[in-house]
Structures are given as C-alpha cells and as structure tokens.
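Undergrad: Next up, input.cif (mmCIF, C-alpha atoms).
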```cif
data_coords
#
loop_
_atom_site.label_atom_id
_atom_site.label_comp_id
_atom_site.auth_asym_id
_atom_site.auth_seq_id
_atom_site.Cartn_x
_atom_site.Cartn_y
_atom_site.Cartn_z
CA MET A 3 90.11 108.47 117.70
CA THR A 4 88.99 112.05 118.15
CA PRO A 5 91.10 113.72 115.44
CA LEU A 6 93.33 116.65 116.34
CA TRP A 7 92.72 117.86 112.82
CA THR A 8 89.97 117.40 110.24
CA THR A 9 90.07 117.59 106.46
CA ASP A 10 88.91 121.21 106.62
CA THR A 11 91.11 122.39 109.51
CA LEU A 12 94.41 120.65 108.78
CA PRO A 13 96.81 123.54 108.06
CA ALA A 14 98.35 123.60 104.59
CA PRO A 15 101.94 122.98 105.83
CA ARG A 16 100.79 119.95 107.81
CA ARG A 17 98.71 118.64 104.91
CA SER A 18 101.72 118.92 102.59
CA GLU A 19 104.06 117.27 105.08
CA LEU A 20 101.64 114.44 105.84
CA ARG A 21 101.24 113.76 102.13
CA GLY A 22 105.03 113.83 101.70
CA TRP A 23 105.77 111.32 104.45
CA THR A 24 102.97 109.04 103.24
CA LEU A 25 104.26 109.23 99.65
CA LEU A 26 107.76 108.39 100.88
CA ALA A 27 106.44 105.40 102.85
CA ILE A 28 104.20 104.01 100.10
CA GLY A 29 106.70 104.88 97.35
CA SER A 30 109.39 102.94 99.20
CA LEU A 31 107.10 99.91 99.22
CA ALA A 32 106.56 100.33 95.47
CA VAL A 33 110.32 100.48 94.77
CA ALA A 34 110.87 97.51 97.08
CA GLY A 35 108.30 95.57 95.03
CA THR A 36 110.07 96.49 91.80
CA LEU A 37 113.35 95.27 93.25
CA ALA A 38 111.59 92.03 94.24
CA LEU A 39 110.60 91.58 90.58
CA LEU A 40 114.20 92.15 89.49
CA LEU A 41 115.29 89.62 92.11
CA GLY A 42 113.03 87.06 90.50
CA LEU A 43 114.41 87.82 87.03
CA SER A 44 117.95 87.56 88.37
CA ARG A 45 117.25 83.97 89.43
CA THR A 46 115.52 82.92 86.18
CA PRO A 47 117.61 80.72 83.85
CA ARG A 48 118.52 82.36 80.52
CA VAL A 49 116.77 85.59 81.47
CA GLN A 50 119.52 86.35 83.98
CA ASP A 51 122.05 86.20 81.14
CA TRP A 52 120.33 89.07 79.31
CA LEU A 53 120.32 91.46 82.27
CA PRO A 54 122.88 94.29 82.34
CA TRP A 55 124.11 93.69 85.90
CA GLY A 56 126.54 91.26 87.47
CA PRO A 57 125.93 88.13 89.56
CA HIS A 58 126.15 90.04 92.86
CA PHE A 59 123.17 92.22 91.98
CA PHE A 60 120.83 89.68 93.57
CA TYR A 61 122.18 90.26 97.08
CA ARG A 62 122.55 94.03 96.67
CA ALA A 63 118.95 94.26 95.48
CA LEU A 64 117.84 91.92 98.29
CA VAL A 65 119.44 94.16 100.91
CA THR A 66 117.92 97.31 99.42
CA HIS A 67 114.51 95.61 99.14
CA VAL A 68 114.58 94.68 102.83
CA VAL A 69 115.69 98.14 103.96
CA LEU A 70 112.98 99.87 101.89
CA SER A 71 110.15 97.50 102.79
CA PHE A 72 110.90 97.42 106.53
CA GLU A 73 113.12 100.20 107.87
CA VAL A 74 112.13 103.01 105.48
CA TRP A 75 108.43 102.05 105.36
CA PHE A 76 108.09 101.88 109.14
CA LEU A 77 110.21 104.97 109.88
CA ALA A 78 108.51 107.08 107.20
CA ALA A 79 105.22 105.95 108.77
CA LEU A 80 106.54 107.24 112.11
CA GLY A 81 107.23 110.54 110.36
CA ALA A 82 103.62 110.60 109.11
CA LEU A 83 102.30 109.78 112.58
CA SER A 84 104.33 112.65 114.01
CA VAL A 85 102.43 115.06 111.74
CA LEU A 86 99.09 113.90 113.16
CA VAL A 87 99.90 114.87 116.75
CA ALA A 88 102.77 117.41 116.68
CA PRO A 89 101.89 120.57 118.62
CA PRO A 90 101.01 123.56 116.39
CA GLY A 91 103.81 126.01 115.73
CA VAL A 92 106.20 127.29 113.09
CA TRP A 93 109.24 125.57 114.59
CA GLY A 94 107.48 122.21 114.50
CA ASP A 95 106.50 122.75 110.86
CA ARG A 96 110.11 123.62 110.00
CA LEU A 97 111.45 120.54 111.75
CA GLY A 98 108.92 118.41 109.90
CA ARG A 99 109.76 119.87 106.48
CA ALA A 100 113.50 119.54 107.08
CA GLY A 101 113.01 115.97 108.25
CA LEU A 102 110.98 115.07 105.17
CA ILE A 103 113.61 116.53 102.83
CA LEU A 104 116.41 114.62 104.55
CA GLY A 105 114.34 111.43 104.77
CA THR A 106 113.64 111.52 101.05
CA ALA A 107 117.24 112.39 100.12
CA GLY A 108 118.49 109.49 102.23
CA VAL A 109 116.32 106.99 100.37
CA VAL A 110 117.58 108.28 97.01
CA LEU A 111 121.20 107.92 98.15
CA LEU A 112 120.85 104.36 99.44
CA LEU A 113 119.23 103.28 96.18
CA ILE A 114 122.24 104.28 94.06
CA PRO A 115 124.62 101.41 94.98
CA ALA A 116 122.07 98.71 94.14
CA LEU A 117 121.07 100.31 90.86
CA ALA A 118 124.73 100.90 89.94
CA ASP A 119 125.62 97.33 91.01
CA GLN A 120 128.29 98.60 93.41
CA GLY A 121 129.31 97.61 96.95
CA GLU A 122 129.58 94.38 98.89
CA PRO A 123 126.24 93.20 100.33
CA SER A 124 126.09 92.25 104.02
CA LEU A 125 123.11 90.13 105.11
CA ASN A 126 123.46 91.02 108.79
CA ASN A 127 120.52 91.02 111.16
CA TYR A 128 117.97 93.84 111.47
CA VAL A 129 119.54 96.39 109.10
CA PRO A 130 121.34 94.64 106.22
CA VAL A 131 123.60 96.94 104.25
CA VAL A 132 125.49 97.35 101.00
CA GLY A 133 129.14 98.13 101.75
CA HIS A 134 129.25 101.39 99.82
CA PRO A 135 129.68 104.92 101.25
CA LEU A 136 126.49 106.20 99.59
CA PHE A 137 124.43 103.43 101.21
CA TYR A 138 125.70 104.26 104.71
CA ILE A 139 125.26 107.99 104.08
CA GLY A 140 121.75 107.38 102.79
CA LEU A 141 120.81 105.38 105.88
CA GLY A 142 122.24 108.08 108.12
CA VAL A 143 120.56 110.97 106.31
CA HIS A 144 117.19 109.20 106.35
CA ALA A 145 117.59 108.39 110.05
CA VAL A 146 118.40 112.03 110.88
CA GLY A 147 115.35 113.17 108.89
CA VAL A 148 113.00 110.99 110.92
CA ALA A 149 114.77 112.09 114.11
CA LEU A 150 114.16 115.76 113.29
CA ALA A 151 110.47 115.14 112.64
CA SER A 152 110.11 113.22 115.91
CA LEU A 153 112.00 115.81 117.97
CA ARG A 154 108.94 118.08 118.08
CA LEU A 155 106.99 115.36 119.93
CA ALA A 156 108.94 115.69 123.19
CA PRO A 157 106.25 117.87 124.90
CA LEU A 158 103.68 115.14 124.24
CA LEU A 159 105.40 112.80 126.71
CA ARG A 160 103.31 114.67 129.32
CA SER A 161 100.05 114.21 127.37
CA ARG A 162 97.17 112.34 128.96
CA VAL A 163 95.65 111.57 125.54
CA VAL A 164 96.65 108.07 124.50
CA VAL A 165 97.53 108.46 120.79
CA PRO A 166 99.77 111.56 121.11
CA PHE A 167 101.49 110.06 124.16
CA ALA A 168 101.99 106.75 122.37
CA ILE A 169 103.52 108.34 119.27
CA ALA A 170 105.84 110.39 121.49
CA CYS A 171 106.94 107.18 123.25
CA ALA A 172 107.67 105.58 119.87
CA ALA A 173 109.76 108.64 118.96
CA LEU A 174 111.62 108.35 122.27
CA ALA A 175 112.39 104.68 121.56
CA TYR A 176 113.58 105.63 118.09
CA TRP A 177 116.05 108.10 119.58
CA ALA A 178 117.29 105.34 121.90
CA ALA A 179 117.86 103.11 118.86
CA LEU A 180 119.88 105.87 117.19
CA ALA A 181 121.95 106.22 120.37
CA CYS A 182 122.71 102.48 120.28
CA PHE A 183 123.82 102.67 116.65
CA GLY A 184 126.07 105.65 117.36
CA ILE A 185 127.66 104.22 120.52
CA ALA A 186 128.31 100.86 118.85
CA TRP A 187 129.89 102.60 115.84
CA ILE A 188 132.29 104.42 118.18
CA LEU A 189 133.15 101.41 120.35
CA ILE A 190 133.81 98.80 117.66
CA PRO A 191 137.60 98.63 117.15
CA ALA A 192 139.06 99.98 113.94
CA GLY A 193 140.00 97.27 111.47
CA THR A 194 137.13 94.96 112.50
CA GLU A 195 136.12 92.70 109.62
CA ALA A 196 133.25 94.27 107.66
CA ALA A 197 130.68 91.51 108.22
CA LEU A 198 131.26 91.49 111.99
CA PHE A 199 131.25 95.29 112.11
CA ASN A 200 127.88 95.49 110.36
CA GLU A 201 126.39 92.76 112.53
CA ARG A 202 127.36 94.41 115.80
CA VAL A 203 126.85 98.05 114.89
CA PHE A 204 123.21 97.34 114.02
CA TRP A 205 122.58 94.63 116.65
CA GLY A 206 121.62 96.70 119.70
CA GLY A 207 119.76 99.45 117.87
CA GLY A 208 118.07 96.85 115.69
CA HIS A 209 116.59 95.26 118.79
CA VAL A 210 115.32 98.64 119.96
CA LEU A 211 113.71 99.24 116.56
CA GLN A 212 111.60 96.16 117.24
CA LEU A 213 110.17 98.03 120.23
CA VAL A 214 109.46 100.97 117.90
CA ASN A 215 107.74 98.71 115.36
CA THR A 216 105.65 97.12 118.09
CA MET A 217 104.56 100.54 119.33
CA ILE A 218 103.61 101.56 115.77
CA LEU A 219 101.37 98.49 115.60
CA MET A 220 99.83 99.25 119.00
CA ILE A 221 99.25 102.88 117.94
CA ALA A 222 97.36 101.54 114.92
CA TRP A 223 95.32 99.28 117.21
CA GLN A 224 94.48 102.22 119.47
CA ALA A 225 93.58 104.62 116.67
CA LEU A 226 91.57 102.13 114.61
CA SER A 227 89.77 100.83 117.71
CA GLU A 228 88.77 104.40 118.61
CA ARG A 229 87.46 104.88 115.08
CA GLN A 230 85.62 101.56 114.97
CA PHE A 231 84.33 101.18 118.53
CA GLY A 232 84.57 104.70 119.96
CA ALA A 233 87.14 103.57 122.52
CA GLY A 234 90.60 102.04 122.61
CA PRO A 235 91.32 98.41 123.51
CA LEU A 236 92.18 99.37 127.12
CA PRO A 237 91.31 102.09 129.62
CA GLY A 238 93.32 105.24 128.96
CA SER A 239 95.60 104.98 132.00
CA LEU A 240 96.46 101.36 131.23
CA SER A 241 97.11 102.18 127.57
CA ARG A 242 99.55 104.92 128.57
CA ALA A 243 101.21 102.48 130.98
CA VAL A 244 101.92 99.86 128.30
CA PHE A 245 103.37 102.46 125.93
CA GLY A 246 105.38 104.01 128.75
CA ALA A 247 106.79 100.62 129.70
CA LEU A 248 108.05 100.01 126.17
CA GLY A 249 109.57 103.48 126.11
CA LEU A 250 111.41 102.88 129.40
CA PHE A 251 112.82 99.56 128.20
CA ALA A 252 114.05 101.31 125.06
CA LEU A 253 115.76 104.00 127.15
CA ALA A 254 117.57 101.30 129.11
CA ALA A 255 119.12 99.83 125.96
CA PRO A 256 121.97 102.37 125.47
CA LEU A 257 123.06 101.71 129.07
CA ALA A 258 124.14 98.23 127.97
CA TYR A 259 127.13 99.85 126.28
CA ALA A 260 128.24 101.37 129.60
CA THR A 261 128.67 98.03 131.37
CA GLY A 262 132.24 97.72 130.14
CA GLY A 263 131.65 94.48 128.28
CA ASP A 264 133.27 93.78 124.94
CA VAL A 265 131.00 95.15 122.23
CA LEU A 266 132.12 92.24 120.04
CA GLY A 267 131.63 89.64 122.77
CA LEU A 268 128.87 87.07 123.19
CA GLU A 269 127.69 88.47 126.52
CA HIS A 270 127.09 91.90 125.03
CA ARG A 271 125.14 90.31 122.20
CA GLN A 272 122.94 88.38 124.61
CA VAL A 273 122.07 91.48 126.64
CA PHE A 274 119.86 92.78 123.85
CA THR A 275 118.25 89.40 123.28
CA ARG A 276 117.30 89.35 126.97
CA LEU A 277 116.01 92.91 126.68
CA LEU A 278 113.44 91.84 124.09
CA TRP A 279 112.53 88.66 125.95
CA VAL A 280 111.86 90.64 129.15
CA GLY A 281 110.56 93.95 127.84
CA LEU A 282 108.69 93.23 124.62
CA PRO A 283 106.04 90.48 125.15
CA LEU A 284 103.84 91.83 127.96
CA PRO A 285 102.68 95.26 126.61
CA PRO A 286 101.38 93.98 123.24
CA LEU A 287 99.95 90.92 125.02
CA VAL A 288 97.95 93.15 127.37
CA MET A 289 96.74 95.45 124.60
CA GLY A 290 96.13 92.49 122.27
CA ALA A 291 93.92 90.86 124.92
CA GLY A 292 91.93 94.08 125.25
CA LEU A 293 91.58 94.33 121.48
CA ALA A 294 90.50 90.69 121.21
CA TRP A 295 87.73 91.41 123.72
CA ARG A 296 86.61 94.46 121.73
CA LEU A 297 86.49 92.37 118.55
CA VAL A 298 84.49 89.60 120.22
CA VAL A 299 81.99 91.92 121.91
CA GLY A 300 81.60 93.87 118.69
CA PRO A 301 79.71 95.08 116.88
CA ARG A 302 81.53 92.95 114.30
CA ASP A 303 81.50 94.49 110.85
CA TRP A 304 83.68 92.48 108.46
CA ARG A 305 82.96 94.99 105.69
CA SER A 306 84.65 97.73 107.67
CA PRO A 307 88.34 98.30 106.72
CA ALA A 308 89.11 99.32 110.31
CA PHE A 309 87.56 96.16 111.78
CA LEU A 310 89.22 93.88 109.22
CA ALA A 311 92.63 95.53 109.72
CA LEU A 312 92.32 95.14 113.48
CA ALA A 313 91.24 91.50 113.36
CA LEU A 314 93.81 90.33 110.82
CA SER A 315 96.72 92.31 112.27
CA LEU A 316 96.02 90.94 115.75
CA PHE A 317 95.73 87.35 114.50
CA VAL A 318 98.82 87.43 112.27
CA PHE A 319 100.92 89.20 114.91
CA ALA A 320 99.82 86.71 117.59
CA ILE A 321 100.76 83.72 115.42
CA GLY A 322 104.18 85.28 114.81
CA GLY A 323 104.65 85.91 118.50
CA ILE A 324 103.83 82.30 119.37
CA ALA A 325 106.24 81.07 116.67
CA GLY A 326 108.97 83.11 118.36
CA PHE A 327 108.99 80.65 121.26
CA PHE A 328 109.86 77.75 118.93
CA LEU A 329 112.81 79.08 116.98
CA GLY A 330 115.55 76.81 115.70
CA VAL A 331 119.23 77.53 115.18
CA ALA A 332 119.87 79.36 111.88
CA ASP A 333 116.92 77.71 110.10
CA THR A 334 113.84 79.23 108.47
CA ARG A 335 111.75 79.14 111.63
CA THR A 336 113.36 82.52 112.45
CA PRO A 337 112.06 84.25 109.30
CA SER A 338 108.75 82.48 109.92
CA HIS A 339 108.51 84.33 113.22
CA TYR A 340 109.52 87.76 112.01
CA HIS A 341 107.59 87.66 108.73
CA ALA A 342 104.41 87.01 110.71
CA VAL A 343 104.96 89.69 113.35
CA ILE A 344 106.05 92.20 110.70
CA GLY A 345 102.97 91.19 108.69
CA GLY A 346 100.84 92.14 111.69
CA VAL A 347 102.49 95.57 111.80
CA GLN A 348 102.01 95.98 108.05
CA LEU A 349 98.30 95.22 108.31
CA GLY A 350 97.89 97.76 111.10
CA LEU A 351 99.67 100.42 109.05
CA MET A 352 97.62 99.57 105.96
CA GLY A 353 94.53 100.23 108.06
CA MET A 354 95.96 103.54 109.32
CA VAL A 355 96.71 104.73 105.78
CA LEU A 356 93.29 103.81 104.41
CA VAL A 357 91.13 104.73 107.41
CA VAL A 358 92.95 107.70 108.97
CA ILE A 359 95.58 109.32 106.74
CA LEU A 360 94.00 109.32 103.28
CA PRO A 361 90.64 110.63 104.55
CA LEU A 362 92.50 113.35 106.47
CA LEU A 363 94.07 114.39 103.17
CA GLY A 364 90.65 114.44 101.51
CA ARG A 365 91.45 111.31 99.47
CA SER A 366 89.15 108.72 101.00
CA VAL A 367 88.97 105.13 99.80
CA ARG A 368 85.47 103.71 99.58
CA ALA A 369 84.98 100.42 101.37
CA GLY A 370 84.48 97.79 98.71
CA LYS A 371 85.63 94.42 97.48
CA GLY A 372 89.05 95.73 96.41
CA VAL A 373 89.77 97.21 99.84
CA MET A 374 88.66 94.04 101.61
CA LEU A 375 90.55 91.83 99.16
CA GLN A 376 93.91 93.48 99.81
CA PHE A 377 93.65 92.82 103.55
CA HIS A 378 92.65 89.19 103.04
CA LEU A 379 95.30 88.49 100.40
CA TYR A 380 98.08 90.11 102.40
CA GLY A 381 97.02 88.76 105.80
CA TRP A 382 96.34 85.16 104.85
CA GLY A 383 99.25 85.19 102.39
CA GLN A 384 101.64 86.17 105.18
CA LEU A 385 100.26 83.40 107.37
CA VAL A 386 100.73 80.77 104.64
CA HIS A 387 104.20 82.17 103.93
CA ALA A 388 105.16 81.95 107.63
CA LEU A 389 103.70 78.44 107.98
CA GLY A 390 105.77 77.21 105.05
CA PHE A 391 108.94 78.71 106.52
CA PHE A 392 108.19 77.15 109.91
CA LEU A 393 107.66 73.68 108.44
CA ALA A 394 110.77 74.01 106.28
CA GLY A 395 112.84 75.16 109.24
CA ALA A 396 111.62 72.26 111.36
CA ALA A 397 112.90 69.98 108.58
CA GLY A 398 116.30 71.69 108.66
CA VAL A 399 116.22 74.17 105.75
CA PRO A 400 118.75 76.93 106.59
CA ARG A 401 117.86 80.62 106.46
CA LYS A 402 119.50 83.22 104.18
CA THR A 403 120.20 80.68 101.45
CA THR A 404 119.04 80.18 97.89
CA GLY A 405 119.30 77.57 95.15
CA LEU A 406 121.25 74.41 95.95
CA ASP A 407 122.41 75.86 99.28
CA GLN A 408 118.91 75.32 100.67
CA GLY A 409 119.45 71.55 100.64
CA LEU A 410 115.95 70.67 99.42
CA ASP A 411 116.66 66.95 99.40
CA THR A 412 113.33 65.64 100.70
CA VAL A 413 109.72 65.91 99.58
CA TRP A 414 108.80 67.59 102.88
CA LYS A 415 111.35 70.36 102.36
CA LYS A 416 110.27 70.92 98.77
CA VAL A 417 106.58 71.05 99.65
CA SER A 418 107.25 73.41 102.57
CA MET A 419 109.18 75.82 100.37
CA GLY A 420 106.41 75.54 97.80
CA VAL A 421 103.98 76.69 100.49
CA VAL A 422 106.34 79.62 101.15
CA GLY A 423 106.14 80.57 97.48
CA MET A 424 102.35 80.33 97.41
CA GLY A 425 102.00 82.53 100.48
CA THR A 426 104.48 85.00 99.04
CA GLY A 427 102.42 85.31 95.87
CA LEU A 428 99.21 85.99 97.79
CA ALA A 429 100.86 88.55 100.08
CA VAL A 430 102.58 90.33 97.20
CA LEU A 431 99.27 90.59 95.32
CA GLY A 432 97.59 92.12 98.36
CA GLY A 433 100.50 94.52 98.79
CA VAL A 434 100.34 95.56 95.15
CA ILE A 435 96.62 96.39 95.45
CA PHE A 436 97.29 98.45 98.58
CA VAL A 437 100.23 100.36 97.07
CA TRP A 438 98.28 101.04 93.87
CA MET A 439 95.19 102.30 95.70
CA ALA A 440 97.23 104.55 97.98
CA LEU A 441 99.57 105.94 95.31
CA VAL A 442 96.77 106.71 92.86
CA ARG A 443 95.06 108.85 95.49
CA LEU A 444 98.23 110.45 96.82
CA CYS A 445 99.36 111.46 93.32
CA ARG A 446 96.14 113.22 92.41
CA ARG A 447 96.37 116.97 91.94
CA GLN A 448 95.23 118.95 94.96
CA GLU A 449 92.25 120.32 93.04
CA ALA A 450 90.96 116.77 92.50
CA ASP A 451 90.72 116.12 96.23
CA HIS A 452 87.40 117.89 96.58
CA ALA A 453 85.94 116.93 93.22
#
```
Take the structure in the file and write it out as structure tokens.

TA:
Amino acid sequence: MTPLWTTDTLPAPRRSELRGWTLLAIGSLAVAGTLALLLGLSRTPRVQDWLPWGPHFFYRALVTHVVLSFEVWFLAALGALSVLVAPPGVWGDRLGRAGLILGTAGVVLLLIPALADQGEPSLNNYVPVVGHPLFYIGLGVHAVGVALASLRLAPLLRSRVVVPFAIACAALAYWAALACFGIAWILIPAGTEAALFNERVFWGGGHVLQLVNTMILMIAWQALSERQFGAGPLPGSLSRAVFGALGLFALAAPLAYATGGDVLGLEHRQVFTRLLWVGLPLPPLVMGAGLAWRLVVGPRDWRSPAFLALALSLFVFAIGGIAGFFLGVADTRTPSHYHAVIGGVQLGLMGMVLVVILPLLGRSVRAGKGVMLQFHLYGWGQLVHALGFFLAGAAGVPRKTTGLDQGLDTVWKKVSMGVVGMGTGLAVLGGVIFVWMALVRLCRRQEADHA
C-alpha cells in the first residue's frame, strides 16, 4: 500500500495515538493470555484449593478472556487503523485522543469484576458478560471510545483509494452494530431474566460485528497484498464494491428492529442469522479468490512476513468458512468454525502489526526465524485446534462445557479433545511470541526508535 504517512512524516500526535491504540490491542491480548493461565490453574486439582478466589472465578475469567482477546483486540485494532487513514486536522486528532483515553479506561473497568471475583458470568453468544455494573460500564466506555475515533472517517466514504474507503466502511458497520445494541437494550422488556437479556441484547449487534471483523481481515489482505505484490487482490473498483456491499448489509441490520417483531422471539433471532448467510459469504469469497490468484502467480516468498501472513490467514479463514456449512446443534463444531475464521483474522492483524504499524512507528521487526515461527505456530495450531473441535462435535461433545459435563465417554471423544489441547498449545505459543515481540518494541523509549 502506498502509505499516507511515513516514519519521518507521521505527525507526533498521530504517532502517539497509533502507538497507544496498538499498545491497547496487544496489551489486551497479553492480559487475556494471563487470564488463560489462571483458568488453567483454576482447573488443576490441589492447586485450585490454594488460590484466593472462589469457584466461580473460572467463568468470570473465561468471559473476560474472551472479551479481551476478541472484542477489545479487534476494536482497538480498528482504532489503530483509523489513525492510518484519518484526514489531517486538529479535530480528528482530538477525537482520536479522546477515543483512546475512553477505550483504555473501559478496558480497566471491565477487568475489575473478574479480578475482584464479583458478578454473575453469562456465557451468551458474541459478547459474553459478567453481570456487574462495572463490566457493563467498561464495555460501554470502550465502545464509545472506538466510536469517537472512527467518527472522523466519515469523509473517507467518498474516497476512491481502497484502504481508506475500506476502513471507513468498517467504521460505518461498527456504528450499525452499536445502533443494534442500543435499540435492543431499549426494546427488551424490563424484568427479563438476565441470561435471556444478555443473549438478545448482544445478538443483533454481535452479528454485525462479524461483518466488521471480516472487513478488518479484508483490509489486512488489501494492505499486505499492496506491500507484497504492489497491488491489491482485486481491481480497485471491485475492491471498493465488496467493502461497500458489506457496509450496506451492516446498515440494514438496525432496520430489523423496526419490523415490529418481538425482540425476544425466534423470528427476530433468525433475521440476523439470515443476514449473515446472505450478506457475509460473497465479499470475502471474491477477495479471497483474488488473493489466492496473487499468491499462486507470485512471486512466492515464504520468508516474507507479509506473504506468510496472507497465505496462512487465507487458508485458515477458508477452512473455518467451509466448516460453517456443517455445524451441529449446540456441539463443538460451532467453536470449530469460529475459532478458525477468527484465527484467519488474527493472522491478518498479526501481519498488519509487524509489516505496517511497527515500521511506521520506527520499530521494525527483522524477518527471521522467530517471526516466521509465530505465524506457523499460531496458524497451524488454530487449524489443529479447530479440527479437534470439529471431530469432537461430530461425536456429540457439547459446547460451553468442561469437566464431566463434556461426556467424554468414548475413545474418539477423548482423542478429539486431546487434539484440541495440542492445537491450543501450539497456537498459544505462537501468540506469546507475537505479543512479546510487539510489546518489547512498543515499550521502548522514543529515543531508542532511531538507535
């Protein structure tokens, strides 16, 4: 991609904001990893008896881990992307700084209930929550922060340059998701049972966030392809069309609340499922086909972080997409699907951080075995993890269960879940290498950047 800024021309306010959003994104992954370690300790015999928190900590920590490693990581990444393309101007810088402050404050607030072992965990779809006022406030404050940062992108919806237009479309879809959350919150009757309330308030907007996540992946494909091959996966007009289509489908989502249907009813729930089935598959399929052609034609350089990120993210995302057509009912084939597609997004973002953002901050990462290893460990680990979940789900292992509730009463089920564990270990190791490399460079003093 032809950069709007370079290391030497990026204004100081933008450099500071970009570093802040990237630190928030990578730092959230680091905290999520720490919580994952505590989750493991909480399930270890004897060790769990020595820990200072109660038996419900596992689910509170699980919820917070998911929110940090998916919602916060992706949305903070959207904040960072907004810095790269936001039009110059004092008002845009102020919106960005205010957004970063609120985004960071929100993450701190939502961490408190888990660390204090307070609140009832709710393992609802898309945005699981801890039933504590500080958690809800934290989510809201973080969401408003990202919304402020993305507000300055509205003029870019007229841009004919693919990357700025694409990031503006992702911001537009994000605003549509926020509208869905707000409308659902208003429409759900008072006194609705907490679990049902959480499920439905985050159901519609959660679906729209999947459009946002998909656009973030496609933005990474576009930017990394421009860096690696000198051109995007598709002609410019077609690229803008696929991003515009996703943005239009996102804008249609809030209209589902105006149909008069019962927000707690089955029909209302199915509307958003149909929205994804109709609106989501074609744009990434078209861009993915163009990217596959670029990768095949080459030049193929497997030592290039950009090339490796593109190839692995496309492959992992495609496998997850195919798995989505073979889902079961409440079994682990569902997490098999979304862990793979989310893994594809993660790989794309890892490439963006290492290839685009860190060099722009003057903190480049040299291509070497460590850089290549993190992509391979995370990418193949996620595939093994998803394969194990798919095989376990086909054998009837239910999702969102642990311990005896999993019903591991056959060799097949036990082996499948063992495969899940092996893939998890590989992916976690790759993630740790990535987080360490990024944080070490982001935490350097400014003077060290040019040393």

Undergrad: Between A:Gly353, A:Gly427, A:Gly121, A:Gly234, which has the minimum distance to Ala294 of chain A (counting all atoms listed in the file)?

TA: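 Once distances to Ala294 of chain A are computed over all atoms listed in the file, the minimum belongs to A:Gly234.
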
Undergrad: List the residues selected by the PyMOL selection byres ((chain A and resi 113) around 10) in the file shown, writing them as an NGL selection string.

TA: :A and (33 or 62-63 or 66-67 or 69-70 or 108-112 or 114-118 or 132 or 136-137 or 140)

Undergrad: To one decimal place, how far is atom CA of Arg162 of chain A from atom CA of Ala88 of chain A in Å?

TA: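 Straight-line distance from atom CA of Arg162 of chain A to atom CA of Ala88 of chain A works out to 14.4 Å.
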
Undergrad: For Phe317 of chain A, which residue among A:Cys171, A:Arg276, A:Ala332, A:Gln384 is the nearest when counting only C-alpha atoms?

TA: A:Gln384

Undergrad: What residues come out when you apply the PyMOL selection byres ((chain A and resi 341) around 10) to this file, written as an NGL selection string?

TA: :A and (318-319 or 322 or 335-340 or 342-347 or 384-385 or 387-388 or 391)

Undergrad: Would you please work out which residue, of A:Tyr128, A:Phe251, A:Phe199, A:Tyr380, is nearest to Leu284 of chain A when using only C-alpha atoms?

TA: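 Ranked by minimum distance to Leu284 of chain A, first place goes to A:Phe251.
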
Undergrad: Can you list every residue of segment 201-305 of chain A that has an atom at most 9 Å from segment 356-361 of chain A, with its nearest atom pair and the distance in Å to one decimal, using only C-alpha atoms, ordered by chain then number, as a Markdown table?

TA:
```
| residue | atom | partner | partner_atom | distance |
| --- | --- | --- | --- | --- |
| A:Ala225 | CA | A:Val358 | CA | 8.3 |
| A:Leu226 | CA | A:Val357 | CA | 7.7 |
| A:Arg229 | CA | A:Val357 | CA | 8.5 |
```

Undergrad: Can you list what the PyMOL selection byres ((chain A and resi 254-260) around 8) grabs from this structure, as an MDAnalysis selection string?

TA: chainID A and resid 178:179 181:182 185:186 206 210 250:253 261:263 265 270 273:274 277

Undergrad: Please indicate the distance in Å from atom CA of Pro400 of chain A to atom CA of Ile190 of chain A, rounded to one decimal place.

TA: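 Atom CA of Ile190 of chain A lies 28.8 Å from atom CA of Pro400 of chain A.
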
Undergrad: Dig up all the protein and nucleic acid residues within 12 Å of (98.6, 116.7, 114.9) in the file frame, using all atoms listed in the file, and format them as JSON, numbers by chain.

TA: {"A": [4, 5, 6, 7, 8, 11, 12, 13, 15, 16, 17, 19, 20, 81, 82, 83, 84, 85, 86, 87, 88, 89, 90, 91, 94, 95, 98, 154, 155, 158, 165, 166, 167, 169, 170, 359, 362]}

Undergrad: Determine the nearest neighbour of Val430 of chain A from the options A:Leu174, A:Ala14, A:Leu39, A:Leu310, counting all atoms listed in the file.

TA: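 Ranking A:Leu174, A:Ala14, A:Leu39, A:Leu310 by distance to Val430 of chain A, first place goes to A:Leu39.
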
Undergrad: Can you work out which one of A:Trp187, A:Trp223, A:Trp438, A:Trp23 has the shortest atom-to-atom distance to Leu314 of chain A, counting only C-alpha atoms?

TA: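 Closest residue, counting only C-alpha atoms: A:Trp223.
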
Undergrad: Could you tell me which of A:Val386, A:Leu80, A:Val367, A:Ala396 comes closest to Met439 of chain A if we count all atoms listed in the file?

TA: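 Of A:Val386, A:Leu80, A:Val367, A:Ala396, the one nearest Met439 of chain A is A:Val367, counting all atoms listed in the file.
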
Undergrad: Name the residues in contact with Gly105 of chain A at a cut-off of 8 Å, using only C-alpha atoms, excluding same-chain residues fewer than 6 positions from it; report them as number ranges by chain.

TA: A: 78, 143-148

Undergrad: What gap, in Å, lies between atom CA of Gly101 of chain A and atom CA of Leu349 of chain A?

TA: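 Atom-to-atom, atom CA of Gly101 of chain A to atom CA of Leu349 of chain A, that is 25.4 Å.
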
Undergrad: Counting only C-alpha atoms, which residues have an atom no more than 12 Å from (93.5, 99.9, 126.5) in the file's coordinates? Please list them as a ChimeraX atom specification.

TA: /A:163-165,168,220-221,223-225,227-228,233-245,285-296

Undergrad: Give me, as an MDAnalysis selection string, all polymer residues having an atom no more than 8 Å from Gln376 of chain A, counting all atoms listed in the file and skipping those fewer than 5 positions away in the same chain.

TA: chainID A and resid 431:433 435:436

Undergrad: Which centre and edge lengths in Å to one decimal define the box along x, y and z that fits every listed atom of segment 367-375 of chain A plus 8 Å per side, as AutoDock Vina command-line options?

TA:
```
--center_x 87.5 --center_y 98.5 --center_z 99.0 --size_x 22.1 --size_y 29.3 --size_z 21.2
```

Undergrad: Residues at most 6 Å from Val422 of chain A, counting all atoms listed in the file, excluding those fewer than 2 positions away in the same chain, as a PyMOL selection string?

TA: chain A and resi 387+390+419-420+424-425
